[in-house]
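Data block for target_37.cif (mmCIF, C-alpha atoms):
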data_protein
loop_
_atom_site.label_atom_id
_atom_site.label_comp_id
_atom_site.auth_asym_id
_atom_site.auth_seq_id
_atom_site.Cartn_x
_atom_site.Cartn_y
_atom_site.Cartn_z
CA MET A 1 5.96 -25.02 119.70
CA THR A 2 9.02 -26.26 121.54
CA ILE A 3 12.15 -28.34 121.13
CA THR A 4 13.73 -30.08 124.11
CA ALA A 5 17.06 -31.86 124.49
CA MET A 6 16.84 -35.51 125.48
CA LYS A 7 19.93 -37.01 127.07
CA SER A 8 21.05 -40.55 126.23
CA ALA A 9 20.37 -41.58 129.84
CA GLU A 10 16.74 -40.46 129.52
CA LEU A 11 16.30 -42.26 126.20
CA VAL A 12 17.75 -45.46 127.70
CA LYS A 13 15.28 -45.26 130.60
CA ARG A 14 12.38 -44.90 128.18
CA ILE A 15 13.56 -47.88 126.15
CA PHE A 16 13.89 -49.96 129.35
CA ASN A 17 10.37 -48.80 130.34
CA LYS A 18 9.15 -49.95 126.92
CA ASP A 19 7.74 -46.51 126.14
CA SER A 20 6.54 -45.86 122.61
CA LEU A 21 8.67 -43.30 120.85
CA PHE A 22 9.07 -42.13 117.28
CA ILE A 23 12.64 -41.77 116.09
CA LEU A 24 13.18 -39.35 113.22
CA ASP A 25 16.74 -40.21 112.17
CA VAL A 26 18.15 -37.54 109.86
CA ARG A 27 21.50 -39.20 109.09
CA ASN A 28 22.16 -40.47 105.58
CA LYS A 29 20.62 -43.78 104.56
CA GLU A 30 23.81 -45.86 104.75
CA ALA A 31 24.62 -44.66 108.28
CA TYR A 32 21.06 -45.35 109.41
CA GLU A 33 20.90 -48.81 107.90
CA ASP A 34 24.26 -49.74 109.36
CA TRP A 35 23.49 -48.69 112.91
CA LYS A 36 20.52 -47.15 114.67
CA ILE A 37 18.84 -46.77 118.05
CA GLU A 38 17.09 -50.03 118.88
CA GLY A 39 14.12 -50.55 121.16
CA GLU A 40 11.06 -52.74 121.43
CA HIS A 41 8.49 -50.00 120.98
CA LEU A 42 10.25 -47.60 118.67
CA ASP A 43 8.96 -46.48 115.29
CA TYR A 44 11.29 -44.94 112.77
CA LEU A 45 11.51 -42.58 109.87
CA ASN A 46 14.84 -42.00 108.15
CA VAL A 47 15.09 -38.87 106.01
CA PRO A 48 18.54 -37.29 105.65
CA TYR A 49 18.73 -33.69 106.91
CA PHE A 50 19.98 -32.59 103.52
CA ASP A 51 16.65 -33.54 101.97
CA LEU A 52 14.94 -31.22 104.47
CA LEU A 53 16.97 -28.05 103.93
CA GLU A 54 14.09 -26.52 101.94
CA GLY A 55 11.53 -27.42 104.57
CA VAL A 56 9.87 -30.26 106.44
CA GLU A 57 6.50 -30.19 104.62
CA SER A 58 7.31 -33.45 102.86
CA ILE A 59 7.47 -35.43 106.11
CA ILE A 60 4.90 -33.73 108.36
CA ASP A 61 2.19 -36.22 107.36
CA GLN A 62 4.44 -39.15 108.23
CA LEU A 63 4.94 -38.01 111.82
CA PRO A 64 2.66 -39.28 114.59
CA THR A 65 0.57 -36.93 116.72
CA ASP A 66 0.13 -39.37 119.61
CA LYS A 67 3.77 -40.21 120.27
CA GLU A 68 6.82 -38.31 121.37
CA ILE A 69 9.21 -37.61 118.51
CA VAL A 70 12.99 -37.70 118.98
CA VAL A 71 15.11 -36.28 116.16
CA VAL A 72 18.50 -37.98 115.90
CA CYS A 73 21.62 -37.24 113.87
CA ALA A 74 25.32 -38.06 114.07
CA LYS A 75 26.51 -35.34 116.43
CA GLN A 76 23.53 -33.03 117.21
CA PRO A 77 23.45 -29.84 115.09
CA SER A 78 21.52 -31.30 112.14
CA SER A 79 18.90 -32.74 114.45
CA VAL A 80 18.49 -29.36 116.15
CA MET A 81 18.04 -27.73 112.74
CA VAL A 82 15.31 -30.20 111.76
CA ALA A 83 13.70 -30.05 115.22
CA GLU A 84 13.49 -26.25 114.96
CA MET A 85 11.78 -26.52 111.59
CA LEU A 86 9.26 -28.96 113.03
CA ALA A 87 8.64 -26.69 116.03
CA ASP A 88 7.94 -23.85 113.57
CA LYS A 89 5.21 -26.07 112.13
CA GLY A 90 3.62 -26.39 115.56
CA LEU A 91 5.11 -29.66 116.79
CA ASP A 92 6.69 -30.44 120.18
CA VAL A 93 9.81 -32.48 119.54
CA PHE A 94 12.94 -33.72 121.27
CA TYR A 95 16.42 -34.00 119.84
CA LEU A 96 19.03 -36.46 121.08
CA GLU A 97 21.69 -34.48 122.92
CA GLY A 98 25.11 -35.18 121.40
CA GLY A 99 23.57 -37.37 118.67
CA MET A 100 24.72 -40.92 117.94
CA LYS A 101 28.18 -39.97 119.20
CA ALA A 102 26.83 -39.49 122.73
CA TRP A 103 24.53 -42.49 122.32
CA SER A 104 27.53 -44.67 121.50
CA GLU A 105 29.35 -43.53 124.64
CA HIS A 106 26.53 -43.82 127.15
CA LEU A 107 26.89 -46.48 129.87
CA GLU A 108 23.94 -47.43 132.04
CA PRO A 109 24.81 -49.25 135.28
CA VAL A 110 22.26 -51.88 136.34
CA LYS A 111 22.55 -54.07 139.40
CA ILE A 112 22.73 -57.79 138.64
CA GLY A 113 22.72 -59.10 142.19
CA ASP A 114 24.32 -59.40 145.59
CA ILE A 115 27.47 -61.27 146.42
CA GLY A 116 28.26 -62.57 149.88
CA GLU A 117 27.58 -60.43 152.93
CA ALA A 118 27.86 -57.00 151.44
CA GLY A 119 29.05 -57.48 147.88
CA GLU A 120 27.33 -56.53 144.64
CA ILE A 121 27.79 -57.01 140.94
CA TYR A 122 26.79 -54.37 138.39
CA GLN A 123 26.46 -54.62 134.64
CA PHE A 124 27.33 -51.47 132.67
CA ILE A 125 25.25 -51.49 129.53
CA ARG A 126 26.62 -49.60 126.55
CA ILE A 127 23.31 -49.76 124.78
CA GLY A 128 24.43 -47.90 121.65
CA LYS A 129 27.14 -50.44 120.90
CA GLY A 130 25.98 -53.56 122.68
CA CYS A 131 29.07 -53.71 124.90
CA LEU A 132 28.77 -54.93 128.48
CA SER A 133 31.25 -54.38 131.27
CA TYR A 134 31.10 -55.28 134.94
CA MET A 135 31.94 -54.04 138.39
CA VAL A 136 32.31 -56.55 141.21
CA ILE A 137 32.22 -54.92 144.64
CA SER A 138 33.06 -56.41 148.02
CA ALA A 139 34.06 -54.68 151.25
CA ASP A 140 35.87 -51.53 150.12
CA GLU A 141 37.27 -52.93 146.87
CA ALA A 142 36.09 -53.26 143.30
CA ALA A 143 37.15 -55.11 140.15
CA ILE A 144 36.19 -53.93 136.68
CA ILE A 145 35.90 -56.41 133.84
CA ASP A 146 36.01 -55.44 130.15
CA ALA A 147 36.07 -51.67 130.76
CA THR A 148 35.16 -49.34 127.90
CA ARG A 149 37.29 -46.27 127.22
CA MET A 150 34.81 -44.04 129.13
CA ILE A 151 36.65 -44.71 132.37
CA ASP A 152 35.33 -41.74 134.33
CA ILE A 153 31.96 -43.49 134.55
CA TYR A 154 33.49 -46.40 136.52
CA GLN A 155 35.55 -44.03 138.63
CA ASP A 156 32.51 -41.93 139.54
CA PHE A 157 30.46 -45.02 140.31
CA ALA A 158 33.21 -46.45 142.55
CA LYS A 159 33.42 -43.14 144.37
CA GLU A 160 29.66 -43.11 144.88
CA LYS A 161 29.88 -46.62 146.33
CA GLY A 162 32.84 -45.68 148.52
CA VAL A 163 35.13 -48.35 147.06
CA ARG A 164 38.54 -48.29 145.42
CA ILE A 165 39.24 -50.08 142.16
CA THR A 166 41.98 -52.63 142.86
CA HIS A 167 41.78 -54.95 139.84
CA VAL A 168 40.92 -54.35 136.20
CA MET A 169 40.77 -57.20 133.69
CA ASP A 170 39.90 -57.87 130.09
CA THR A 171 38.50 -61.28 129.14
CA HIS A 172 40.35 -61.02 125.81
CA LEU A 173 41.98 -58.60 123.40
CA HIS A 174 38.92 -56.75 122.09
CA ALA A 175 38.48 -56.11 118.37
CA ASP A 176 35.22 -54.17 118.39
CA HIS A 177 35.83 -51.50 121.00
CA ILE A 178 38.75 -49.76 122.59
CA SER A 179 39.49 -51.11 126.03
CA GLY A 180 39.70 -48.64 128.88
CA GLY A 181 41.31 -51.32 131.05
CA ARG A 182 44.89 -50.13 131.01
CA LYS A 183 43.96 -46.47 131.43
CA LEU A 184 41.53 -47.24 134.24
CA ALA A 185 44.06 -49.43 136.08
CA LYS A 186 46.67 -46.71 135.83
CA ALA A 187 44.31 -43.98 137.01
CA SER A 188 43.15 -46.11 139.95
CA GLY A 189 46.49 -47.63 140.95
CA ALA A 190 44.97 -51.04 140.20
CA ASN A 191 46.43 -54.19 138.66
CA TYR A 192 45.66 -54.74 134.97
CA TRP A 193 45.11 -58.35 133.90
CA LEU A 194 45.08 -59.82 130.40
CA PRO A 195 45.25 -63.37 129.00
CA PRO A 196 48.93 -63.84 128.01
CA LYS A 197 48.06 -65.65 124.76
CA ASP A 198 46.25 -62.52 123.57
CA ALA A 199 49.07 -60.31 124.77
CA THR A 200 52.05 -61.62 122.80
CA GLU A 201 52.35 -58.36 120.85
CA VAL A 202 51.38 -55.84 123.51
CA THR A 203 53.72 -52.97 124.26
CA PHE A 204 52.95 -52.60 127.98
CA ASP A 205 53.31 -54.50 131.26
CA TYR A 206 50.35 -56.47 132.54
CA HIS A 207 49.45 -59.23 134.98
CA ALA A 208 48.90 -62.52 133.19
CA LEU A 209 45.59 -64.32 133.74
CA GLN A 210 46.70 -67.92 134.22
CA ASP A 211 44.93 -71.20 134.81
CA GLY A 212 44.77 -71.76 138.52
CA ASP A 213 44.77 -68.11 139.53
CA THR A 214 42.21 -66.48 141.73
CA ILE A 215 41.74 -62.78 142.23
CA THR A 216 40.22 -61.69 145.51
CA ILE A 217 38.15 -58.52 145.85
CA GLY A 218 37.29 -57.90 149.50
CA ASP A 219 35.63 -61.20 150.48
CA VAL A 220 34.81 -62.29 146.94
CA VAL A 221 36.93 -64.73 145.00
CA ILE A 222 37.02 -64.48 141.22
CA ASP A 223 38.07 -67.87 139.83
CA ILE A 224 39.99 -68.01 136.62
CA GLN A 225 40.79 -71.69 136.65
CA PRO A 226 39.82 -73.86 134.92
CA LEU A 227 38.13 -71.68 132.40
CA TYR A 228 40.70 -71.00 129.80
CA THR A 229 38.21 -70.78 126.95
CA PRO A 230 39.83 -70.11 123.61
CA GLY A 231 37.74 -69.70 120.48
CA HIS A 232 36.92 -66.04 119.90
CA THR A 233 40.54 -65.15 120.44
CA VAL A 234 43.26 -67.62 121.33
CA GLY A 235 43.45 -66.35 124.90
CA SER A 236 39.75 -65.70 125.72
CA THR A 237 39.26 -66.29 129.42
CA SER A 238 36.07 -66.71 131.43
CA PHE A 239 35.61 -65.87 135.09
CA ILE A 240 33.45 -67.49 137.74
CA VAL A 241 32.52 -65.12 140.52
CA GLU A 242 31.60 -66.75 143.82
CA ASP A 243 30.10 -69.87 142.19
CA ARG A 244 27.16 -67.78 141.00
CA TYR A 245 28.16 -65.76 137.98
CA LEU A 246 29.91 -66.86 134.78
CA LEU A 247 31.49 -64.01 132.85
CA THR A 248 31.91 -65.36 129.32
CA GLY A 249 33.52 -62.45 127.48
CA ASP A 250 32.85 -62.82 123.74
CA ILE A 251 32.65 -66.60 123.74
CA LEU A 252 29.02 -67.12 124.68
CA PHE A 253 26.21 -64.59 124.41
CA ILE A 254 22.52 -64.89 125.26
CA ASP A 255 21.26 -65.77 121.80
CA SER A 256 24.47 -66.27 119.86
CA ILE A 257 28.09 -67.33 120.15
CA GLY A 258 31.42 -65.63 119.56
CA ARG A 259 32.83 -65.37 116.06
CA PRO A 260 36.32 -66.79 115.63
CA ASP A 261 37.45 -64.70 112.67
CA LEU A 262 38.38 -61.25 113.94
CA ALA A 263 42.09 -61.99 113.95
CA GLY A 264 41.85 -63.80 110.62
CA LYS A 265 42.04 -67.24 112.17
CA ALA A 266 38.54 -68.68 111.82
CA ASN A 267 39.64 -72.08 110.65
CA ASP A 268 42.39 -72.42 113.24
CA TRP A 269 40.22 -71.55 116.19
CA VAL A 270 36.91 -73.15 115.39
CA ALA A 271 37.85 -76.39 117.17
CA ASP A 272 38.78 -74.49 120.32
CA LEU A 273 35.49 -72.61 120.21
CA ARG A 274 33.58 -75.84 119.94
CA GLU A 275 35.53 -77.47 122.76
CA THR A 276 34.82 -74.50 125.01
CA LEU A 277 31.13 -74.25 124.23
CA TYR A 278 30.23 -77.93 124.02
CA SER A 279 32.58 -79.46 126.63
CA ARG A 280 34.07 -76.95 129.04
CA TYR A 281 30.89 -74.96 129.68
CA ARG A 282 28.78 -78.12 129.62
CA ALA A 283 30.73 -79.35 132.66
CA LEU A 284 29.77 -76.32 134.73
CA ALA A 285 26.73 -75.89 136.98
CA GLY A 286 23.62 -74.96 135.00
CA GLU A 287 22.63 -72.55 137.78
CA LEU A 288 25.48 -70.16 136.93
CA LEU A 289 24.21 -66.83 135.63
CA VAL A 290 25.90 -66.11 132.31
CA LEU A 291 27.08 -62.50 131.96
CA PRO A 292 28.49 -61.90 128.47
CA ALA A 293 30.60 -58.98 127.22
CA HIS A 294 28.15 -58.15 124.41
CA PHE A 295 24.63 -58.34 123.12
CA MET A 296 23.46 -58.06 119.54
CA THR A 297 19.83 -57.02 119.77
CA ASN A 298 17.49 -55.78 122.46
CA ASP A 299 15.72 -59.14 122.28
CA GLU A 300 18.54 -60.44 124.43
CA MET A 301 17.59 -58.02 127.20
CA ASN A 302 15.54 -58.97 130.23
CA ASP A 303 12.63 -56.78 131.32
CA ASP A 304 14.86 -54.84 133.72
CA GLY A 305 17.35 -54.08 130.95
CA THR A 306 19.96 -56.58 132.12
CA VAL A 307 21.57 -59.01 129.71
CA ALA A 308 21.91 -62.27 131.65
CA ALA A 309 20.56 -65.82 131.65
CA LYS A 310 21.25 -69.10 133.40
CA LEU A 311 23.72 -71.40 131.70
CA ALA A 312 21.14 -74.20 131.66
CA THR A 313 18.72 -71.92 129.81
CA LEU A 314 21.34 -71.18 127.17
CA PHE A 315 22.03 -74.87 126.70
CA ALA A 316 18.32 -75.30 126.02
CA TYR A 317 17.72 -72.30 123.74
CA ASN A 318 20.89 -70.64 122.41
CA HIS A 319 21.09 -71.50 118.69
CA GLY A 320 24.86 -71.76 118.81
CA LEU A 321 24.68 -74.53 121.42
CA GLN A 322 22.27 -76.75 119.49
CA VAL A 323 24.51 -77.82 116.63
CA ALA A 324 25.37 -81.44 117.38
CA ASP A 325 27.16 -82.01 114.11
CA GLU A 326 30.76 -80.76 114.21
CA GLU A 327 31.04 -80.14 110.49
CA LYS A 328 27.81 -78.15 110.50
CA PHE A 329 29.16 -76.13 113.41
CA ARG A 330 32.41 -75.42 111.59
CA LYS A 331 30.49 -74.18 108.56
CA MET A 332 28.26 -71.98 110.69
CA VAL A 333 31.11 -70.11 112.32
CA THR A 334 33.41 -69.84 109.31
CA GLU A 335 31.03 -69.15 106.44
CA ASN A 336 28.46 -66.40 105.89
CA LEU A 337 29.78 -64.35 108.77
CA PRO A 338 28.40 -60.84 109.22
CA PRO A 339 30.61 -57.91 108.17
CA GLN A 340 33.53 -57.36 110.53
CA PRO A 341 33.28 -54.47 112.98
CA ASN A 342 34.41 -51.03 111.87
CA ALA A 343 38.20 -50.58 112.04
CA HIS A 344 38.68 -53.87 113.91
CA GLN A 345 42.39 -54.16 113.09
CA GLN A 346 43.08 -50.57 114.17
CA ILE A 347 41.14 -51.26 117.37
CA ARG A 348 43.23 -54.37 118.04
CA ASP A 349 46.42 -52.37 117.45
CA THR A 350 45.20 -49.69 119.87
CA ASN A 351 44.37 -52.30 122.49
CA MET A 352 47.86 -53.76 122.07
CA GLY A 353 49.37 -50.31 122.62
CA LYS A 354 50.93 -50.28 119.13
CA VAL A 355 49.15 -47.07 118.16
CA ASN A 356 47.79 -44.25 120.29
CA PRO A 357 45.00 -42.46 118.43
CA ASP A 358 43.55 -39.31 119.98
CA MET A 359 40.05 -39.19 121.46
CA GLU A 360 38.37 -38.06 118.25
CA GLU A 361 40.03 -40.84 116.24
CA GLN A 362 39.03 -43.38 118.88
CA ARG A 363 35.41 -42.24 118.54
CA GLU A 364 35.54 -42.61 114.77
CA MET A 365 37.02 -46.10 115.06
CA GLU A 366 34.15 -47.20 117.27
CA VAL A 367 31.38 -45.86 115.03
CA GLY A 368 28.74 -48.45 114.26
CA PRO A 369 27.56 -51.62 115.92
CA ASN A 370 29.75 -54.31 117.43
CA ARG A 371 29.71 -57.47 115.39
CA CYS A 372 31.30 -60.08 117.58
CA ALA A 373 28.73 -62.78 117.28
CA VAL A 374 27.58 -65.54 115.00
CA GLN A 375 23.89 -66.27 115.12
CA MET B 1 40.35 -30.17 87.82
CA ASP B 2 38.71 -27.15 86.24
CA SER B 3 36.35 -26.14 89.00
CA LYS B 4 34.06 -23.16 88.70
CA LYS B 5 34.21 -22.33 92.36
CA ILE B 6 35.73 -23.49 95.65
CA VAL B 7 33.44 -24.01 98.64
CA ASP B 8 35.46 -23.63 101.80
CA ALA B 9 33.69 -25.57 104.55
CA LYS B 10 36.81 -26.28 106.58
CA GLY B 11 36.24 -26.18 110.32
CA LEU B 12 32.47 -26.31 109.89
CA ALA B 13 30.36 -29.00 111.52
CA CYS B 14 27.43 -30.80 109.99
CA PRO B 15 25.03 -29.60 108.53
CA MET B 16 27.00 -26.54 107.38
CA PRO B 17 29.24 -28.18 104.72
CA ILE B 18 26.14 -29.31 102.84
CA VAL B 19 24.20 -26.12 103.48
CA LYS B 20 27.08 -24.10 101.98
CA THR B 21 27.59 -26.50 99.07
CA LYS B 22 23.90 -26.49 98.25
CA LYS B 23 23.81 -22.69 98.22
CA GLU B 24 26.78 -22.45 95.86
CA MET B 25 25.41 -25.23 93.67
CA GLU B 26 22.30 -23.12 93.05
CA MET B 27 24.52 -20.29 91.73
CA VAL B 28 26.32 -22.32 89.04
CA GLU B 29 25.21 -23.83 85.73
CA SER B 30 24.47 -27.46 85.00
CA GLY B 31 27.75 -29.16 84.04
CA ASP B 32 29.88 -26.81 86.16
CA ILE B 33 32.20 -28.30 88.74
CA LEU B 34 32.34 -27.26 92.40
CA GLU B 35 35.35 -28.01 94.57
CA VAL B 36 34.32 -28.54 98.19
CA GLN B 37 36.80 -28.59 101.06
CA ALA B 38 35.72 -29.87 104.47
CA THR B 39 37.32 -31.15 107.65
CA ASP B 40 34.27 -32.73 109.30
CA LYS B 41 34.66 -36.50 108.98
CA GLY B 42 30.92 -36.94 108.55
CA ALA B 43 31.07 -34.74 105.45
CA LYS B 44 32.53 -37.59 103.42
CA SER B 45 29.55 -39.95 103.53
CA ASP B 46 27.00 -37.13 103.70
CA LEU B 47 28.33 -35.25 100.67
CA THR B 48 28.45 -38.49 98.70
CA ALA B 49 24.83 -39.27 99.61
CA TRP B 50 23.68 -35.68 99.03
CA THR B 51 25.36 -35.53 95.62
CA ARG B 52 23.55 -38.67 94.53
CA SER B 53 20.16 -37.60 95.89
CA GLY B 54 20.48 -34.19 94.19
CA GLY B 55 21.23 -35.73 90.79
CA HIS B 56 24.82 -34.43 90.72
CA VAL B 57 27.99 -36.42 90.03
CA LEU B 58 30.89 -36.86 92.43
CA LEU B 59 33.83 -36.82 90.01
CA ASP B 60 36.63 -37.29 92.50
CA SER B 61 37.61 -36.89 96.12
CA LYS B 62 40.76 -36.99 98.21
CA GLU B 63 41.88 -36.68 101.79
CA GLU B 64 45.03 -34.80 102.71
CA ASN B 65 46.12 -33.74 106.21
CA GLY B 66 42.61 -34.03 107.52
CA VAL B 67 41.07 -31.99 104.69
CA PHE B 68 38.57 -33.75 102.45
CA THR B 69 38.24 -32.33 98.96
CA PHE B 70 35.37 -33.23 96.64
CA TRP B 71 34.76 -32.33 93.02
CA ILE B 72 31.08 -32.31 92.24
CA LYS B 73 29.58 -31.77 88.79
CA LYS B 74 26.17 -30.15 88.79
CA GLY B 75 23.48 -32.38 87.31
#

Translate this file's structure into structure tokens.
Amino acid sequence: MTITAMKSAELVKRIFNKDSLFILDVRNKEAYEDWKIEGEHLDYLNVPYFDLLEGVESIIDQLPTDKEIVVVCAKQPSSVMVAEMLADKGLDVFYLEGGMKAWSEHLEPVKIGDIGEAGEIYQFIRIGKGCLSYMVISADEAAIIDATRMIDIYQDFAKEKGVRITHVMDTHLHADHISGGRKLAKASGANYWLPPKDATEVTFDYHALQDGDTITIGDVVIDIQPLYTPGHTVGSTSFIVEDRYLLTGDILFIDSIGRPDLAGKANDWVADLRETLYSRYRALAGELLVLPAHFMTNDEMNDDGTVAAKLATLFAYNHGLQVADEEKFRKMVTENLPPQPNAHQQIRDTNMGKVNPDMEEQREMEVGPNRCAVQ
Amino acid sequence: MDSKKIVDAKGLACPMPIVKTKKEMEMVESGDILEVQATDKGAKSDLTAWTRSGGHVLLDSKEENGVFTFWIKKG
């Protein structure tokens, strides 16, 4: 029978559609347990390709006959090898084109809503890593917030929309993924903005995000003041876009809160994190739609694939916002934290411009899930 | 290390480093040592896992100028 390539974009659509799929992941056990394709209606079997070199007889009985099967590996060739063996046994199977490497780099743009007369805001979902970035469009201008390193995707999208990118900003110095902000700003002739308290060691020029500033994109005003919200990093900054959207960076997620330990300063920053979450955000309008820079699991996704919820809803349900006792809160965010993201110090150094790894090294550094949150 | 044979898998992408290693492993005796050289970064974790699942022993490994070298004793 046949084998067919499935692109990451197609797999994302099926996950958003809540299709049932069977994932045969042929990476080694450690890689699979550390990081895999997540979806509400996915079933899995993990058997390393090297246990199938002699043949696939041992797993045929474990494969469904009523569901589409997608074979997945790290980069593609091993999944093709296994898929071919299954096709020889009479099965129709897919393989994930480009493997987990491509999956990690796929960005899916989803519209969040309209702004003003003719403005729009889009969320770019990096489903393989749980990173979220944003494009705010108004008139013929666009701002990009928390860009990933796959900058051509934003450039192509801006072109499609007939807008030019005039501002690029990062809510904080990222530790879990390599920012494309600087590169994108340079390529677009845009301004690059960064919180100065996160930028004390950077090796490049930037525009400082300061309390009291506003950035205007076409007819839309992006407010920075008064949302200096330290806690995840010392400079973490939130944005309010047109009194409707609250971009929280890595401070507040849908079902979790930011971890304060990725620069080794958990105990120093925990008070700031608490102040931000329990006082500063509390003072804002509950109607604001929270748009975070990350998600941890697909449970945080809405039915249309977006990751967004009203601030009032988060104050009612987000576990991290229900801890009245300060000491209990401090313990929660400083003890029993999940493992730190892969290569987080190298990623910070790259984002500060201290090192300039090539594309392949950048990919390696980003392998695995982001782990920015405390739940 | 006194290796019986060197498996040159440099420049080869997954799954070839393991396919080649497995083939050579079948040609040597139990207790013999294979030296495997690979440049694919994935080879590191995969060869470690494969060695264990095949009942062999990874005696040592090193990385030098982008080349990973493994010494595997046949189980």

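One distance worth recording is that between CA of Thr276 in chain A and CA of Gly235 in chain A, which is 11.9 Å.
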
Under the rule of at most 9 Å, produce a per-residue listing of chain A near chain B: chain, number, name, the closest pair of atoms, and the distance in Å, as a Markdown table, using all atoms listed in the file.
| residue | atom | partner | partner_atom | distance |
| --- | --- | --- | --- | --- |
| A:Arg27 | CA | B:Asp46 | CA | 8.0 |
| A:Asn28 | CA | B:Asp46 | CA | 6.2 |
| A:Lys29 | CA | B:Ala49 | CA | 7.9 |
| A:Glu30 | CA | B:Ser45 | CA | 8.3 |
| A:Ala31 | CA | B:Ser45 | CA | 8.3 |
| A:Pro48 | CA | B:Trp50 | CA | 8.5 |
| A:Tyr49 | CA | B:Pro15 | CA | 7.7 |
| A:Phe50 | CA | B:Trp50 | CA | 6.6 |
| A:Asp51 | CA | B:Trp50 | CA | 7.9 |
| A:Leu53 | CA | B:Val19 | CA | 7.5 |
| A:Ala74 | CA | B:Gly42 | CA | 7.9 |
| A:Lys75 | CA | B:Cys14 | CA | 7.9 |
| A:Gln76 | CA | B:Cys14 | CA | 8.5 |
| A:Pro77 | CA | B:Cys14 | CA | 6.5 |
| A:Ser78 | CA | B:Pro15 | CA | 5.3 |
| A:Met81 | CA | B:Pro15 | CA | 8.4 |
| A:Glu364 | CA | B:Lys41 | CA | 8.5 |

Considering all atoms listed in the file, return as a PyMOL selection string whatever protein or nucleic-acid residues lie within 12 Å of Ile257 in chain A, sequence-local ones (same chain, fewer than 5 positions apart) excluded. chain A and resi 231-232+248-252+270+273-274+276-278+292-296+314-315+318-323+329+332-333+337+371-375

Kindly resolve the PyMOL selection byres ((chain B and resi 33) around 7) on the present coordinates and return the residues as a list of chain:residue names. B:Ser3, B:Lys4, B:Gly31, B:Asp32, B:Leu34, B:Glu35, B:Trp71, B:Ile72, B:Lys73, B:Lys74

Non-local contacts of range 32-43 of chain A (8 Å; only C-alpha atoms; under 4 positions in same chain excluded) as a list in words: Ile15, Lys18, Asp19, Ser20, Leu21, Phe22, Ile23, Asp25, Arg27, Asn28, Gly128, Thr297, Asn298, Asp299, Gly368 and Pro369 of chain A

Pick out the residues sitting within 7 Å of range 341-355 of chain A, and hand them over as a ChimeraX atom specification; count all atoms listed in the file, and ignore anything fewer than 4 positions along from it in its own chain. /A:173-179,201-204,365-368,370-371

Using all atoms listed in the file for the distances, tell me which of A:Val307, A:Leu86, A:Leu52, A:Ala312 is nearest to Gly286 in chain A. A:Ala312

How big is the axis-aligned box around the listed atoms of range 39-44 of chain B once 8 Å is added on each side, and where is its centre? Give both in Å to one decimal, as lines of an AutoDock Vina configuration file.
center_x = 34.1
center_y = -34.4
center_z = 106.4
size_x = 22.4
size_y = 22.4
size_z = 21.9

Please list as a PDB file with C-alpha atoms, in the frame of the given file every residue within 6 Å of range 135-137 of chain A, counting only C-alpha atoms and excluding residues in the same chain fewer than 4 positions away.
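Saved the output as result_12.pdb:
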ATOM      1  CA  GLY A 119      29.050 -57.480 147.880  1.00  0.00           C
ATOM      2  CA  GLU A 120      27.330 -56.530 144.640  1.00  0.00           C
ATOM      3  CA  ILE A 121      27.790 -57.010 140.940  1.00  0.00           C
ATOM      4  CA  TYR A 122      26.790 -54.370 138.390  1.00  0.00           C
ATOM      5  CA  GLU A 141      37.270 -52.930 146.870  1.00  0.00           C
ATOM      6  CA  ALA A 142      36.090 -53.260 143.300  1.00  0.00           C
ATOM      7  CA  ALA A 143      37.150 -55.110 140.150  1.00  0.00           C
ATOM      8  CA  ILE A 144      36.190 -53.930 136.680  1.00  0.00           C
TER       9      ILE A 144
END

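The spacing separating CA of Asn46 in chain A from CA of Met6 in chain A amounts to 18.6 Å.
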
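Of the residues under consideration (B:Met1, B:Val36, B:Val28, B:Leu12), B:Val36 shows the shortest atom-to-atom contact distance to Phe70 in chain B when counting all atoms listed in the file.
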
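The interatomic distance for the pair CA of Lys23 in chain B and CA of Gly75 in chain B works out to 14.6 Å.
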
I want to know what sits within 8 Å of Phe16 in chain A, based on only C-alpha atoms, with residues of the same chain fewer than 5 positions away left out; could you give that as a tab-separated table (two decimals) with C-alpha atoms, keeping the file's coordinate frame?
chain	number	residue	atom	x	y	z
A	303	ASP	CA	12.63	-56.78	131.32
A	304	ASP	CA	14.86	-54.84	133.72
A	305	GLY	CA	17.35	-54.08	130.95

Could you expand the PyMOL selection byres ((chain A and resi 195-197) around 9) into the explicit residues it covers here, written as a ChimeraX atom specification? /A:169-173,193-194,198-200,206-210,228,233-237

Take the PyMOL selection byres ((chain A and resi 166) around 8), run it mentally on this structure, and tell me the resulting residues as a compact mmCIF listing (two decimals) with C-alpha atoms, in the coordinates of the input.
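That gives us expr.txt:
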# COMPACT_ATOMS: atom_id res chain seq x y z
CA GLU A 141 37.27 -52.93 146.87
CA ALA A 142 36.09 -53.26 143.30
CA ALA A 143 37.15 -55.11 140.15
CA ARG A 164 38.54 -48.29 145.42
CA ILE A 165 39.24 -50.08 142.16
CA HIS A 167 41.78 -54.95 139.84
CA VAL A 168 40.92 -54.35 136.20
CA ALA A 185 44.06 -49.43 136.08
CA SER A 188 43.15 -46.11 139.95
CA GLY A 189 46.49 -47.63 140.95
CA ALA A 190 44.97 -51.04 140.20
CA ASN A 191 46.43 -54.19 138.66
CA ILE A 217 38.15 -58.52 145.85
